[in-house]
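Asks: As input, take run_26.cif (mmCIF, C-alpha atoms and all ligand atoms):
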```
data_input
#
loop_
_atom_site.label_atom_id
_atom_site.label_comp_id
_atom_site.auth_asym_id
_atom_site.auth_seq_id
_atom_site.Cartn_x
_atom_site.Cartn_y
_atom_site.Cartn_z
CA MET A 20 12.31 -43.72 34.38
CA GLY A 21 13.08 -43.95 38.07
CA LYS A 22 10.75 -43.76 41.02
CA ARG A 23 11.69 -40.13 41.56
CA GLY A 24 10.60 -39.22 38.03
CA LEU A 25 7.28 -40.97 38.45
CA LYS A 26 6.70 -39.10 41.70
CA TRP A 27 7.25 -35.80 39.94
CA ILE A 28 4.84 -36.67 37.13
CA GLY A 29 2.27 -37.76 39.70
CA ALA A 30 2.69 -34.50 41.63
CA LEU A 31 2.35 -32.42 38.46
CA LEU A 32 -0.77 -34.33 37.43
CA CYS A 33 -2.28 -33.72 40.87
CA VAL A 34 -1.51 -30.00 40.65
CA ALA A 35 -3.04 -29.86 37.15
CA VAL A 36 -6.17 -31.68 38.27
CA VAL A 37 -6.57 -29.47 41.37
CA ALA A 38 -6.00 -26.30 39.26
CA GLY A 39 -8.46 -27.53 36.64
CA VAL A 40 -11.16 -28.37 39.16
CA GLY A 41 -10.49 -25.08 40.98
CA TRP A 42 -10.83 -23.14 37.73
CA MET A 43 -14.10 -24.96 36.90
CA LEU A 44 -15.55 -24.14 40.31
CA LEU A 45 -14.19 -20.63 40.72
CA ARG A 46 -13.91 -19.25 37.20
CA GLU A 47 -16.95 -16.99 37.51
CA GLN A 48 -15.62 -15.48 40.75
CA ILE A 49 -12.14 -15.11 39.20
CA MET A 50 -13.56 -13.42 36.08
CA GLU A 51 -15.66 -11.08 38.21
CA ARG A 52 -12.54 -10.09 40.17
CA LEU A 53 -10.64 -9.49 36.91
CA LEU A 54 -13.45 -7.52 35.24
CA PRO A 55 -12.52 -4.10 36.70
CA TYR A 56 -8.95 -4.51 35.36
CA GLY A 57 -10.35 -5.27 31.91
CA ILE A 58 -12.64 -2.23 32.01
CA LYS A 59 -9.85 0.08 33.20
CA LYS A 60 -7.61 -1.21 30.42
CA ALA A 61 -10.32 -0.64 27.79
CA VAL A 62 -11.00 2.92 29.03
CA ARG A 63 -7.26 3.70 29.04
CA ARG A 64 -7.12 2.44 25.45
CA ILE A 65 -10.04 4.69 24.44
CA ASP A 66 -8.43 7.72 26.14
CA ALA A 67 -5.11 6.98 24.44
CA ALA A 68 -6.85 6.73 21.06
CA GLU A 69 -8.16 10.29 21.51
CA THR A 70 -4.59 11.54 21.30
CA LEU A 71 -4.46 10.30 17.69
CA LEU A 72 -6.51 13.41 16.94
CA ASP A 73 -3.99 15.75 18.53
CA PRO A 74 -2.15 17.34 15.59
CA VAL A 75 0.73 18.43 17.85
CA THR A 76 1.43 14.87 18.98
CA TYR A 77 0.66 13.41 15.54
CA PRO A 78 1.26 16.05 12.87
CA GLY A 79 1.42 13.57 9.98
CA ILE A 80 -1.17 11.41 8.22
CA ARG A 81 -2.52 8.15 9.65
CA VAL A 82 -4.17 5.70 7.27
CA ILE A 83 -6.33 2.88 8.63
CA LEU A 84 -7.71 0.05 6.52
CA ALA A 85 -11.13 -0.63 8.04
CA GLY A 86 -12.51 -2.66 5.14
CA THR A 87 -10.49 -4.26 2.35
CA GLY A 88 -13.10 -6.50 0.75
CA THR A 89 -15.52 -6.39 -2.15
CA PRO A 90 -19.32 -6.83 -2.38
CA LEU A 91 -18.71 -10.53 -1.57
CA ALA A 92 -19.30 -11.58 2.03
CA ASP A 93 -15.77 -12.35 3.16
CA ALA A 94 -15.04 -13.59 6.69
CA ASP A 95 -11.64 -11.88 6.60
CA ARG A 96 -12.57 -8.57 5.03
CA SER A 97 -15.31 -5.98 5.55
CA HIS A 98 -16.71 -4.06 2.60
CA PRO A 99 -14.45 -1.21 1.46
CA CYS A 100 -13.63 1.45 4.04
CA THR A 101 -10.44 3.48 4.53
CA ALA A 102 -9.99 6.00 7.34
CA VAL A 103 -7.53 8.87 7.45
CA ILE A 104 -6.62 10.87 10.56
CA ALA A 105 -4.78 14.09 9.82
CA ASN A 106 -4.61 17.64 11.21
CA GLY A 107 -6.94 16.67 14.06
CA GLU A 108 -9.66 15.41 11.74
CA PHE A 109 -11.07 11.91 11.37
CA LEU A 110 -12.01 11.27 7.75
CA VAL A 111 -13.63 8.14 6.34
CA PHE A 112 -13.56 7.14 2.68
CA ASP A 113 -16.50 4.81 1.94
CA ASP A 114 -18.05 2.27 4.26
CA GLY A 115 -19.95 -0.47 2.50
CA GLY A 116 -20.76 -2.12 5.84
CA GLY A 117 -18.52 -3.29 8.65
CA GLY A 118 -15.95 -0.50 8.33
CA LEU A 119 -17.17 1.46 11.33
CA ARG A 120 -17.40 -1.78 13.30
CA GLN A 121 -13.74 -2.53 12.52
CA LEU A 122 -12.74 0.99 13.61
CA GLN A 123 -14.61 0.58 16.89
CA ILE A 124 -13.26 -2.92 17.53
CA HIS A 125 -9.73 -1.56 17.06
CA GLY A 126 -10.46 1.27 19.51
CA TYR A 127 -10.45 4.30 17.21
CA PRO A 128 -12.42 7.32 18.47
CA THR A 129 -15.26 7.11 15.95
CA HIS A 130 -17.27 9.77 17.83
CA ARG A 131 -14.71 12.22 16.42
CA ILE A 132 -15.43 11.41 12.75
CA THR A 133 -15.90 14.73 10.97
CA ARG A 134 -16.16 13.95 7.27
CA VAL A 135 -17.01 11.07 4.97
CA PHE A 136 -16.07 10.95 1.30
CA LEU A 137 -17.94 8.55 -0.95
CA THR A 138 -16.16 7.37 -4.06
CA HIS A 139 -19.37 6.23 -5.74
CA MET A 140 -22.88 5.02 -5.09
CA HIS A 141 -22.35 1.26 -5.29
CA SER A 142 -23.74 -0.42 -2.18
CA ASP A 143 -20.41 -1.97 -1.16
CA HIS A 144 -19.14 1.60 -0.70
CA MET A 145 -22.11 3.35 0.88
CA GLY A 146 -24.11 0.49 2.41
CA GLY A 147 -22.65 1.17 5.86
CA MET A 148 -23.54 4.85 5.97
CA GLY A 149 -26.56 4.37 8.26
CA ALA A 150 -24.51 2.43 10.82
CA LEU A 151 -21.60 4.84 10.53
CA CYS A 152 -23.74 7.86 11.24
CA ASP A 153 -25.88 6.25 13.95
CA TYR A 154 -23.21 4.33 15.91
CA SER A 155 -20.68 7.17 15.92
CA TRP A 156 -23.48 9.32 17.40
CA ILE A 157 -24.29 6.64 19.99
CA TYR A 158 -20.57 6.61 20.89
CA GLY A 159 -20.83 10.31 21.76
CA ARG A 160 -20.40 12.29 18.54
CA LYS A 161 -21.31 15.94 19.13
CA LYS A 162 -21.17 17.36 15.63
CA GLN A 163 -22.86 16.54 12.35
CA ILE A 164 -20.79 14.56 9.85
CA HIS A 165 -20.23 16.21 6.49
CA ILE A 166 -20.55 13.73 3.67
CA TYR A 167 -19.15 14.34 0.20
CA GLY A 168 -20.08 12.26 -2.80
CA PRO A 169 -21.48 12.14 -6.30
CA ASN A 170 -24.10 14.64 -7.31
CA ALA A 171 -27.30 13.49 -8.99
CA SER A 172 -26.97 13.00 -12.73
CA ASN A 173 -29.64 15.26 -14.12
CA LEU A 174 -28.43 15.23 -17.66
CA LEU A 175 -27.09 12.19 -19.38
CA THR A 176 -24.87 14.06 -21.76
CA HIS A 177 -21.65 13.44 -19.91
CA SER A 178 -18.51 12.51 -21.68
CA LEU A 179 -18.84 9.17 -20.01
CA TYR A 180 -15.52 7.71 -20.94
CA PRO A 181 -11.96 8.82 -20.67
CA PRO A 182 -10.20 8.18 -23.98
CA THR A 183 -8.31 5.27 -22.44
CA SER A 184 -11.31 3.49 -21.03
CA ASP A 185 -11.33 -0.28 -21.17
CA GLU A 186 -14.93 0.03 -22.34
CA TYR A 187 -13.35 0.24 -25.78
CA VAL A 188 -12.05 -3.24 -25.42
CA HIS A 189 -15.23 -4.55 -23.87
CA GLY A 190 -16.68 -4.54 -27.36
CA THR A 191 -19.30 -1.95 -26.53
CA LYS A 192 -18.39 0.44 -29.30
CA THR A 193 -21.09 1.60 -31.66
CA THR A 194 -20.60 1.16 -35.39
CA GLY A 195 -19.37 4.76 -35.48
CA GLY A 196 -16.53 3.76 -33.16
CA VAL A 197 -17.76 5.78 -30.19
CA PRO A 198 -18.51 4.14 -26.88
CA ASP A 199 -21.96 2.67 -26.64
CA THR A 200 -23.78 4.45 -23.83
CA ARG A 201 -27.09 2.89 -24.79
CA ARG A 202 -28.08 1.40 -21.51
CA ILE A 203 -27.65 4.64 -19.63
CA ASN A 204 -29.16 6.68 -22.45
CA GLU A 205 -32.15 4.37 -22.63
CA LEU A 206 -33.31 5.74 -19.28
CA THR A 207 -36.54 7.65 -19.78
CA GLU A 208 -38.50 10.29 -17.93
CA ASP A 209 -40.13 7.42 -16.03
CA ASP A 210 -36.77 6.57 -14.49
CA LEU A 211 -36.36 10.10 -13.21
CA VAL A 212 -36.63 10.43 -9.43
CA PRO A 213 -38.55 13.67 -8.85
CA GLY A 214 -36.15 16.31 -7.60
CA ALA A 215 -33.18 13.97 -7.80
CA GLY A 216 -32.49 13.20 -11.44
CA TYR A 217 -31.77 9.96 -13.26
CA ILE A 218 -29.11 8.60 -10.95
CA PRO A 219 -29.76 10.15 -7.54
CA GLY A 220 -26.70 11.39 -5.68
CA VAL A 221 -25.50 11.71 -2.11
CA LYS A 222 -28.20 14.20 -1.07
CA TYR A 223 -30.91 11.69 -1.94
CA MET A 224 -29.19 9.03 0.16
CA VAL A 225 -28.77 11.40 3.13
CA ASP A 226 -32.47 12.36 3.03
CA GLY A 227 -33.40 8.67 2.95
CA LEU A 228 -31.12 7.80 5.89
CA ALA A 229 -32.56 10.66 7.94
CA LYS A 230 -36.00 9.13 7.44
CA ALA A 231 -34.89 5.56 8.05
CA PHE A 232 -33.05 6.33 11.29
CA ARG A 233 -35.50 8.88 12.71
CA PRO A 234 -37.24 6.32 14.99
CA ASP A 235 -33.92 5.27 16.53
CA ILE A 236 -32.81 8.88 16.94
CA ILE A 237 -36.07 9.85 18.65
CA ILE A 238 -36.00 6.84 20.98
CA ARG A 239 -32.37 7.32 22.04
CA SER A 240 -32.47 11.10 22.40
CA SER A 241 -35.55 10.89 24.63
CA ASN A 242 -33.84 8.45 27.01
CA LYS A 243 -34.24 10.16 30.39
CA GLN A 244 -31.44 8.10 31.93
CA MET A 245 -28.86 10.02 29.90
CA PRO A 246 -27.84 13.58 30.77
CA ALA A 247 -30.08 16.13 29.03
CA GLY A 248 -28.65 17.13 25.67
CA PHE A 249 -26.18 14.22 25.47
CA TYR A 250 -27.96 12.75 22.47
CA GLU A 251 -28.69 15.85 20.43
CA PRO A 252 -30.88 14.61 17.53
CA THR A 253 -29.55 17.16 15.03
CA HIS A 254 -26.02 15.78 15.49
CA ALA A 255 -27.10 12.34 14.39
CA PHE A 256 -27.42 13.15 10.70
CA PHE A 257 -25.20 13.93 7.75
CA VAL A 258 -24.82 17.21 5.90
CA ALA A 259 -24.59 16.38 2.19
CA HIS A 260 -22.00 17.97 -0.08
CA PRO A 261 -22.64 16.78 -3.64
CA ILE A 262 -19.57 16.98 -5.85
CA PRO A 263 -20.58 18.34 -9.22
CA ASP A 264 -19.63 16.01 -12.02
CA MET A 265 -18.26 16.81 -15.41
CA ASP A 266 -21.25 18.36 -17.07
CA THR A 267 -24.29 19.41 -15.11
CA ALA A 268 -27.22 21.35 -16.53
CA GLY A 269 -25.40 21.84 -19.80
CA LYS A 270 -22.74 24.02 -18.23
CA ALA A 271 -19.08 23.73 -18.95
CA PRO A 272 -17.50 20.80 -17.14
CA ASP A 273 -16.51 21.54 -13.56
CA PHE A 274 -13.53 19.36 -14.05
CA GLY A 275 -12.46 16.71 -16.47
CA TRP A 276 -10.44 13.52 -16.68
CA GLY A 277 -7.07 13.75 -15.04
CA GLU A 278 -7.91 16.93 -13.12
CA LEU A 279 -7.95 17.31 -9.38
CA LYS A 280 -10.73 19.32 -7.81
CA THR A 281 -10.43 20.52 -4.21
CA VAL A 282 -13.55 19.48 -2.33
CA TYR A 283 -12.43 20.29 1.22
CA THR A 284 -9.83 22.53 2.83
CA SER A 285 -9.49 22.83 6.61
CA ASP A 286 -9.79 26.33 8.14
CA ASP A 287 -6.04 26.51 8.70
CA GLY A 288 -5.41 25.34 5.13
CA ARG A 289 -3.22 22.44 6.29
CA LEU A 290 -5.50 19.61 5.21
CA VAL A 291 -6.80 19.42 1.65
CA VAL A 292 -8.95 16.73 0.03
CA LYS A 293 -9.15 16.65 -3.74
CA ALA A 294 -11.42 14.52 -5.92
CA PHE A 295 -10.71 13.11 -9.36
CA LEU A 296 -12.87 11.19 -11.79
CA VAL A 297 -12.24 7.49 -12.21
CA ASP A 298 -13.63 5.13 -14.83
CA HIS A 299 -16.06 2.75 -13.16
CA TYR A 300 -18.73 2.87 -15.81
CA PRO A 301 -21.70 2.39 -15.60
CA CYS A 302 -21.38 3.80 -12.10
CA PHE A 303 -20.98 7.43 -13.05
CA PRO A 304 -19.67 9.65 -11.69
CA SER A 305 -17.11 7.75 -9.62
CA TYR A 306 -14.29 9.44 -7.80
CA GLY A 307 -10.89 8.82 -6.31
CA TYR A 308 -9.53 11.12 -3.59
CA ARG A 309 -6.17 12.66 -2.80
CA VAL A 310 -5.52 13.78 0.78
CA GLU A 311 -2.68 16.24 1.32
CA CYS A 312 -1.30 17.29 4.70
CA ALA A 313 2.13 18.01 6.20
CA GLY A 314 3.86 17.66 2.83
CA ARG A 315 2.45 14.15 2.42
CA ALA A 316 -0.12 12.76 0.02
CA VAL A 317 -2.38 9.73 0.34
CA VAL A 318 -4.43 8.70 -2.67
CA ILE A 319 -7.49 6.44 -2.56
CA SER A 320 -8.40 5.07 -5.96
CA GLY A 321 -12.04 4.16 -5.35
CA ASP A 322 -13.33 1.57 -7.82
CA THR A 323 -11.85 1.99 -11.23
CA GLU A 324 -10.82 0.22 -14.35
CA ARG A 325 -7.23 0.59 -15.44
CA LEU A 326 -6.88 4.36 -15.52
CA THR A 327 -3.93 6.07 -17.16
CA TYR A 328 -4.86 9.30 -15.36
CA MET A 329 -3.95 7.64 -12.09
CA ALA A 330 -0.35 8.56 -12.92
CA THR A 331 -1.26 12.24 -12.71
CA CYS A 332 -3.82 12.08 -9.93
CA ALA A 333 -1.64 9.90 -7.71
CA ALA A 334 1.66 11.54 -8.74
CA ASN A 335 4.32 11.13 -6.03
CA ALA A 336 1.80 9.81 -3.52
CA ASP A 337 3.37 8.60 -0.29
CA ILE A 338 0.69 5.92 -0.09
CA LEU A 339 -1.53 4.84 -2.95
CA VAL A 340 -4.47 2.80 -1.65
CA HIS A 341 -5.63 1.14 -4.85
CA GLU A 342 -8.36 -1.36 -5.55
CA ALA A 343 -7.07 -4.64 -6.94
CA MET A 344 -8.55 -7.64 -8.64
CA ASN A 345 -6.53 -10.63 -9.74
CA MET A 346 -7.94 -11.42 -13.18
CA GLU A 347 -5.99 -14.70 -13.46
CA LEU A 348 -7.88 -15.99 -10.43
CA VAL A 349 -11.17 -14.54 -11.65
CA ASN A 350 -10.67 -16.28 -15.00
CA GLN A 351 -10.00 -19.61 -13.27
CA ILE A 352 -13.12 -19.21 -11.15
CA THR A 353 -15.35 -18.30 -14.09
CA ARG A 354 -13.95 -21.23 -16.09
CA VAL A 355 -14.92 -23.67 -13.35
CA LEU A 356 -18.34 -22.05 -12.94
CA ASP A 357 -18.96 -22.12 -16.68
CA GLU A 358 -17.42 -25.40 -17.79
CA ASP A 359 -17.54 -27.66 -14.75
CA LEU A 360 -20.59 -26.46 -12.92
CA GLY A 361 -22.75 -24.91 -15.64
CA ARG A 362 -23.36 -21.85 -13.46
CA HIS A 363 -23.33 -19.48 -16.44
CA VAL A 364 -25.15 -16.59 -14.75
CA TRP A 365 -22.74 -16.69 -11.81
CA ALA A 366 -19.82 -16.76 -14.22
CA ALA A 367 -21.25 -13.84 -16.21
CA HIS A 368 -21.76 -11.91 -13.01
CA ALA A 369 -18.15 -12.47 -11.90
CA ARG A 370 -16.81 -11.56 -15.35
CA GLY A 371 -18.99 -8.45 -15.59
CA ALA A 372 -18.02 -7.22 -12.14
CA ALA A 373 -14.34 -7.89 -12.75
CA SER A 374 -14.36 -5.90 -15.98
CA HIS A 375 -14.98 -2.69 -14.03
CA HIS A 376 -11.97 -3.14 -11.81
CA THR A 377 -8.19 -3.08 -12.16
CA ASN A 378 -6.07 -6.15 -12.60
CA THR A 379 -3.23 -6.47 -10.09
CA LEU A 380 -0.53 -6.05 -12.76
CA ASP A 381 -2.21 -2.86 -14.03
CA VAL A 382 -2.35 -1.57 -10.45
CA ALA A 383 1.42 -2.09 -10.30
CA ARG A 384 1.79 -0.22 -13.59
CA ALA A 385 -0.33 2.70 -12.30
CA ALA A 386 1.70 2.92 -9.06
CA GLU A 387 4.98 2.80 -10.98
CA ALA A 388 3.81 5.48 -13.45
CA ALA A 389 2.64 7.69 -10.56
CA GLY A 390 5.93 7.29 -8.71
CA ALA A 391 4.02 6.30 -5.55
CA ARG A 392 6.26 5.40 -2.60
CA MET A 393 4.02 2.67 -1.24
CA LEU A 394 1.17 0.71 -2.79
CA VAL A 395 -1.54 -0.66 -0.53
CA LEU A 396 -4.05 -3.01 -2.11
CA THR A 397 -7.69 -2.91 -1.08
CA HIS A 398 -11.02 -4.09 -2.56
CA VAL A 399 -9.21 -7.41 -2.74
CA GLY A 400 -10.93 -9.93 -4.93
CA PRO A 401 -11.23 -12.87 -5.14
CA PRO A 402 -10.85 -13.59 -1.40
CA THR A 403 -7.36 -14.58 -0.24
CA ARG A 404 -7.93 -17.20 2.45
CA ASN A 405 -4.36 -18.29 3.15
CA ASP A 406 -0.74 -17.32 2.64
CA THR A 407 -0.42 -19.24 -0.62
CA MET A 408 -3.44 -17.41 -2.07
CA ARG A 409 -2.03 -14.11 -0.87
CA LYS A 410 1.25 -14.85 -2.65
CA ILE A 411 -0.58 -15.81 -5.85
CA PHE A 412 -2.66 -12.63 -5.59
CA VAL A 413 0.34 -10.28 -5.82
CA LYS A 414 2.37 -12.48 -8.18
CA GLY A 415 4.30 -10.50 -10.80
CA MET A 416 3.55 -7.09 -9.32
CA ASP A 417 7.04 -6.53 -7.90
CA ALA A 418 8.56 -6.96 -11.34
CA ILE A 419 6.60 -3.88 -12.48
CA TYR A 420 6.39 -1.65 -9.41
CA HIS A 421 9.55 -0.89 -7.48
CA GLY A 422 8.07 0.57 -4.29
CA ARG A 423 6.71 -1.40 -1.33
CA ILE A 424 3.58 -3.46 -2.00
CA VAL A 425 1.24 -4.24 0.89
CA LEU A 426 -1.72 -6.55 0.45
CA GLY A 427 -4.17 -4.73 2.69
CA GLU A 428 -5.94 -6.41 5.60
CA ASP A 429 -8.66 -5.06 7.85
CA GLY A 430 -7.17 -3.26 10.84
CA MET A 431 -3.82 -2.38 9.21
CA GLU A 432 -2.51 1.07 10.03
CA PHE A 433 0.16 3.28 8.46
CA TYR A 434 1.54 6.54 9.83
CA LEU A 435 3.34 9.08 7.65
CA ARG A 436 5.49 11.53 9.55
CA PRO A 437 5.48 15.12 8.19
CA ASN A 438 7.73 15.65 5.23
CA GLN A 439 10.44 17.90 6.66
CA LYS A 440 11.58 18.96 3.20
CA GLN A 441 8.19 20.37 2.24
CA GLY A 442 6.99 21.42 5.72
ZN ZN A 501 -18.13 -0.12 -7.47
ZN ZN A 502 -16.70 -1.81 -4.97
#
```
Will you turn the file into structure tokens for me?
Replies:
Amino acid sequence: MGKRGLKWIGALLCVAVVAGVGWMLLREQIMERLLPYGIKKAVRRIDAAETLLDPVTYPGIRVILAGTGTPLADADRSHPCTAVIANGEFLVFDDGGGGLRQLQIHGYPTHRITRVFLTHMHSDHMGGMGALCDYSWIYGRKKQIHIYGPNASNLLTHSLYPPTSDEYVHGTKTTGGVPDTRRINELTEDDLVPGAGYIPGVKYMVDGLAKAFRPDIIIRSSNKQMPAGFYEPTHAFFVAHPIPDMDTAGKAPDFGWGELKTVYTSDDGRLVVKAFLVDHYPCFPSYGYRVECAGRAVVISGDTERLTYMATCAANADILVHEAMNMELVNQITRVLDEDLGRHVWAAHARGAASHHTNTLDVARAAEAAGARMLVLTHVGPPTRNDTMRKIFVKGMDAIYHGRIVLGEDGMEFYLRPNQKQG
């Protein structure tokens, strides 16, 4: 290298050192100067997000994955939460914790959430309800959220299993060949929650949240620094809409396996949400949901074992958001826990939990049978920390299902334009 080259390197080093020292000394002043630009950008982003709720600009269905994990604490995935924006409404399906946070981090207008639909009463699906209700109110929500979910089980005479239930192969049949419902039927009067039944439903949870969050609501709504009426306490809470299950109070079933029951229709009739029973025993009742708008259909499976009725309930869905568990990986994990580490209780726990979910290959079969156009995997377990694990997770699925398979990640968004053929 010549003298000229060395001079250049020296000059560059000097510039770098001067810039570095300058940055060290002035960075606070520089950041303070830049702050207004950052704030303006953030506010513009929030304003722009409001337009997502304009049905003229966006007449189709938007699906947002706000939580794609399981009950496990996963650095990459929040507990299950899927949001749908359609016909000017902001709907949320489950939030086990972290879902609302994801929606807010990604700039969605959570103060416009109108309805929440709970698939079932497992904590990884409803554990975030307090935060969802409270923080969307703090962000300026002006209306109560309507929350739909399982009714209390007052009678334990349900036909608990669909005929295809994997419970049959779990070895829990009685000698008479019928499914063994012992554990649930062993509940006694002592287990009854007064006024709520054996397994309390969504109303019980809403009443409890109203009590738990009352101090916060009182404190915030009495803040004199905010305009009067900004924090209206009555807006902070949910209105519960229990979905009757198959057989309440000895009456004929409201709806049975494989049937769709409309649980919400918008005033203009353009947006319809239907519920269907899924097999997630012993968490009964458990539901999946089908959202229909603009000639499109999005189906959310909830937690379920392999369910043949998915073919009917998710028939021709544009997007099927289905829970997925890779049993090959679960088996490997339980083998190590059992044989190498002697952690038998952990292994039993993993096996037991996995048996109430759907193996990835069965998810592919369900999507293929339903004729779904796109399959989005959520409730992803075990965790998929890197690309290799993600590839292993979906291995073999594309040989069964011929549509597009997406391994869901928190923050993913899909937009379905209206189906021109069907209006
Ligand atoms: Zn569950
Ligand atoms: Zn779950």
Asks: Kindly provide, as a PDB file with C-alpha atoms, in the frame of the given file, all nucleotide and amino acid residues lying within 8 Å of ligand ZN 502 (chain A), counting only C-alpha atoms and all ligand atoms.
Replies:
```pdb
ATOM      1  CA  THR A  89     -15.520  -6.390  -2.150  1.00  0.00           C
ATOM      2  CA  PRO A  90     -19.320  -6.830  -2.380  1.00  0.00           C
ATOM      3  CA  HIS A  98     -16.710  -4.060   2.600  1.00  0.00           C
ATOM      4  CA  PRO A  99     -14.450  -1.210   1.460  1.00  0.00           C
ATOM      5  CA  HIS A 141     -22.350   1.260  -5.290  1.00  0.00           C
ATOM      6  CA  SER A 142     -23.740  -0.420  -2.180  1.00  0.00           C
ATOM      7  CA  ASP A 143     -20.410  -1.970  -1.160  1.00  0.00           C
ATOM      8  CA  HIS A 144     -19.140   1.600  -0.700  1.00  0.00           C
ATOM      9  CA  GLY A 321     -12.040   4.160  -5.350  1.00  0.00           C
ATOM     10  CA  ASP A 322     -13.330   1.570  -7.820  1.00  0.00           C
ATOM     11  CA  HIS A 398     -11.020  -4.090  -2.560  1.00  0.00           C
TER      12      HIS A 398
END
```
Asks: Rounded to one decimal in Å, what is the spacing between atom CA of Met145 of chain A and atom CA of Ile157 of chain A?
Replies: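 Separation of atom CA of Met145 of chain A and atom CA of Ile157 of chain A: 19.5 Å.
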Asks: Neighbouring residues of ligand ZN 501 (chain A) are defined here as those with any atom at most 12 Å from a ligand atom, counting only C-alpha atoms and all ligand atoms; list them as JSON, numbers by chain.
Replies: {"A": [88, 89, 90, 91, 98, 99, 113, 114, 115, 137, 138, 139, 140, 141, 142, 143, 144, 145, 146, 297, 298, 299, 300, 301, 302, 303, 304, 305, 306, 307, 320, 321, 322, 323, 324, 342, 343, 371, 372, 373, 374, 375, 376, 377, 398]}
Asks: So what do you get for atom CA of Val382 of chain A versus atom CA of Met344 of chain A, distance-wise?
Replies: 8.9 Å
Asks: A:Met245, A:Ala38, A:Leu279, A:Leu290: which is nearest Phe109 of chain A, counting all atoms listed in the file?
Replies: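 Using all atoms listed in the file, Phe109 of chain A sits closest to A:Leu290.
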Asks: When you count all atoms listed in the file, which of these residues is closest to Thr397 of chain A: A:Pro78, A:Gly227, A:Gly415, A:Gly427?
Replies: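 Among A:Pro78, A:Gly227, A:Gly415, A:Gly427, it is A:Gly427 that comes nearest to Thr397 of chain A.
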Asks: Go ahead and compute the interatomic distance for atom CA of Ala215 of chain A and atom CA of Lys293 of chain A, in Å to one decimal.
Replies: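 About the pair atom CA of Ala215 of chain A and atom CA of Lys293 of chain A: they are 24.5 Å apart.
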Asks: Which residue gives the smallest distance to Arg239 of chain A among A:Leu25, A:Thr281, A:Gly159, A:Gly314, with all atoms listed in the file counted?
Replies: A:Gly159
Asks: Closest to Ile424 of chain A among A:Thr407, A:Ala386, A:Pro401, A:Met224, using all atoms listed in the file?
Replies: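 That would be A:Ala386, the residue with the smallest distance to Ile424 of chain A.
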Asks: Please list as a PyMOL selection string every residue within 12 Å of Met416 of chain A, counting all atoms listed in the file and excluding residues in the same chain fewer than 4 positions away.
Replies: chain A and resi 343+345+378-387+394+396+410-412+420-426
Asks: Those residues with C-alpha atoms, as a PDB file, in the coordinates of the input please?
Replies:
```
ATOM      1  CA  ALA A 343      -7.070  -4.640  -6.940  1.00  0.00           C
ATOM      2  CA  ASN A 345      -6.530 -10.630  -9.740  1.00  0.00           C
ATOM      3  CA  ASN A 378      -6.070  -6.150 -12.600  1.00  0.00           C
ATOM      4  CA  THR A 379      -3.230  -6.470 -10.090  1.00  0.00           C
ATOM      5  CA  LEU A 380      -0.530  -6.050 -12.760  1.00  0.00           C
ATOM      6  CA  ASP A 381      -2.210  -2.860 -14.030  1.00  0.00           C
ATOM      7  CA  VAL A 382      -2.350  -1.570 -10.450  1.00  0.00           C
ATOM      8  CA  ALA A 383       1.420  -2.090 -10.300  1.00  0.00           C
ATOM      9  CA  ARG A 384       1.790  -0.220 -13.590  1.00  0.00           C
ATOM     10  CA  ALA A 385      -0.330   2.700 -12.300  1.00  0.00           C
ATOM     11  CA  ALA A 386       1.700   2.920  -9.060  1.00  0.00           C
ATOM     12  CA  GLU A 387       4.980   2.800 -10.980  1.00  0.00           C
ATOM     13  CA  LEU A 394       1.170   0.710  -2.790  1.00  0.00           C
ATOM     14  CA  LEU A 396      -4.050  -3.010  -2.110  1.00  0.00           C
ATOM     15  CA  LYS A 410       1.250 -14.850  -2.650  1.00  0.00           C
ATOM     16  CA  ILE A 411      -0.580 -15.810  -5.850  1.00  0.00           C
ATOM     17  CA  PHE A 412      -2.660 -12.630  -5.590  1.00  0.00           C
ATOM     18  CA  TYR A 420       6.390  -1.650  -9.410  1.00  0.00           C
ATOM     19  CA  HIS A 421       9.550  -0.890  -7.480  1.00  0.00           C
ATOM     20  CA  GLY A 422       8.070   0.570  -4.290  1.00  0.00           C
ATOM     21  CA  ARG A 423       6.710  -1.400  -1.330  1.00  0.00           C
ATOM     22  CA  ILE A 424       3.580  -3.460  -2.000  1.00  0.00           C
ATOM     23  CA  VAL A 425       1.240  -4.240   0.890  1.00  0.00           C
ATOM     24  CA  LEU A 426      -1.720  -6.550   0.450  1.00  0.00           C
TER      25      LEU A 426
END
```
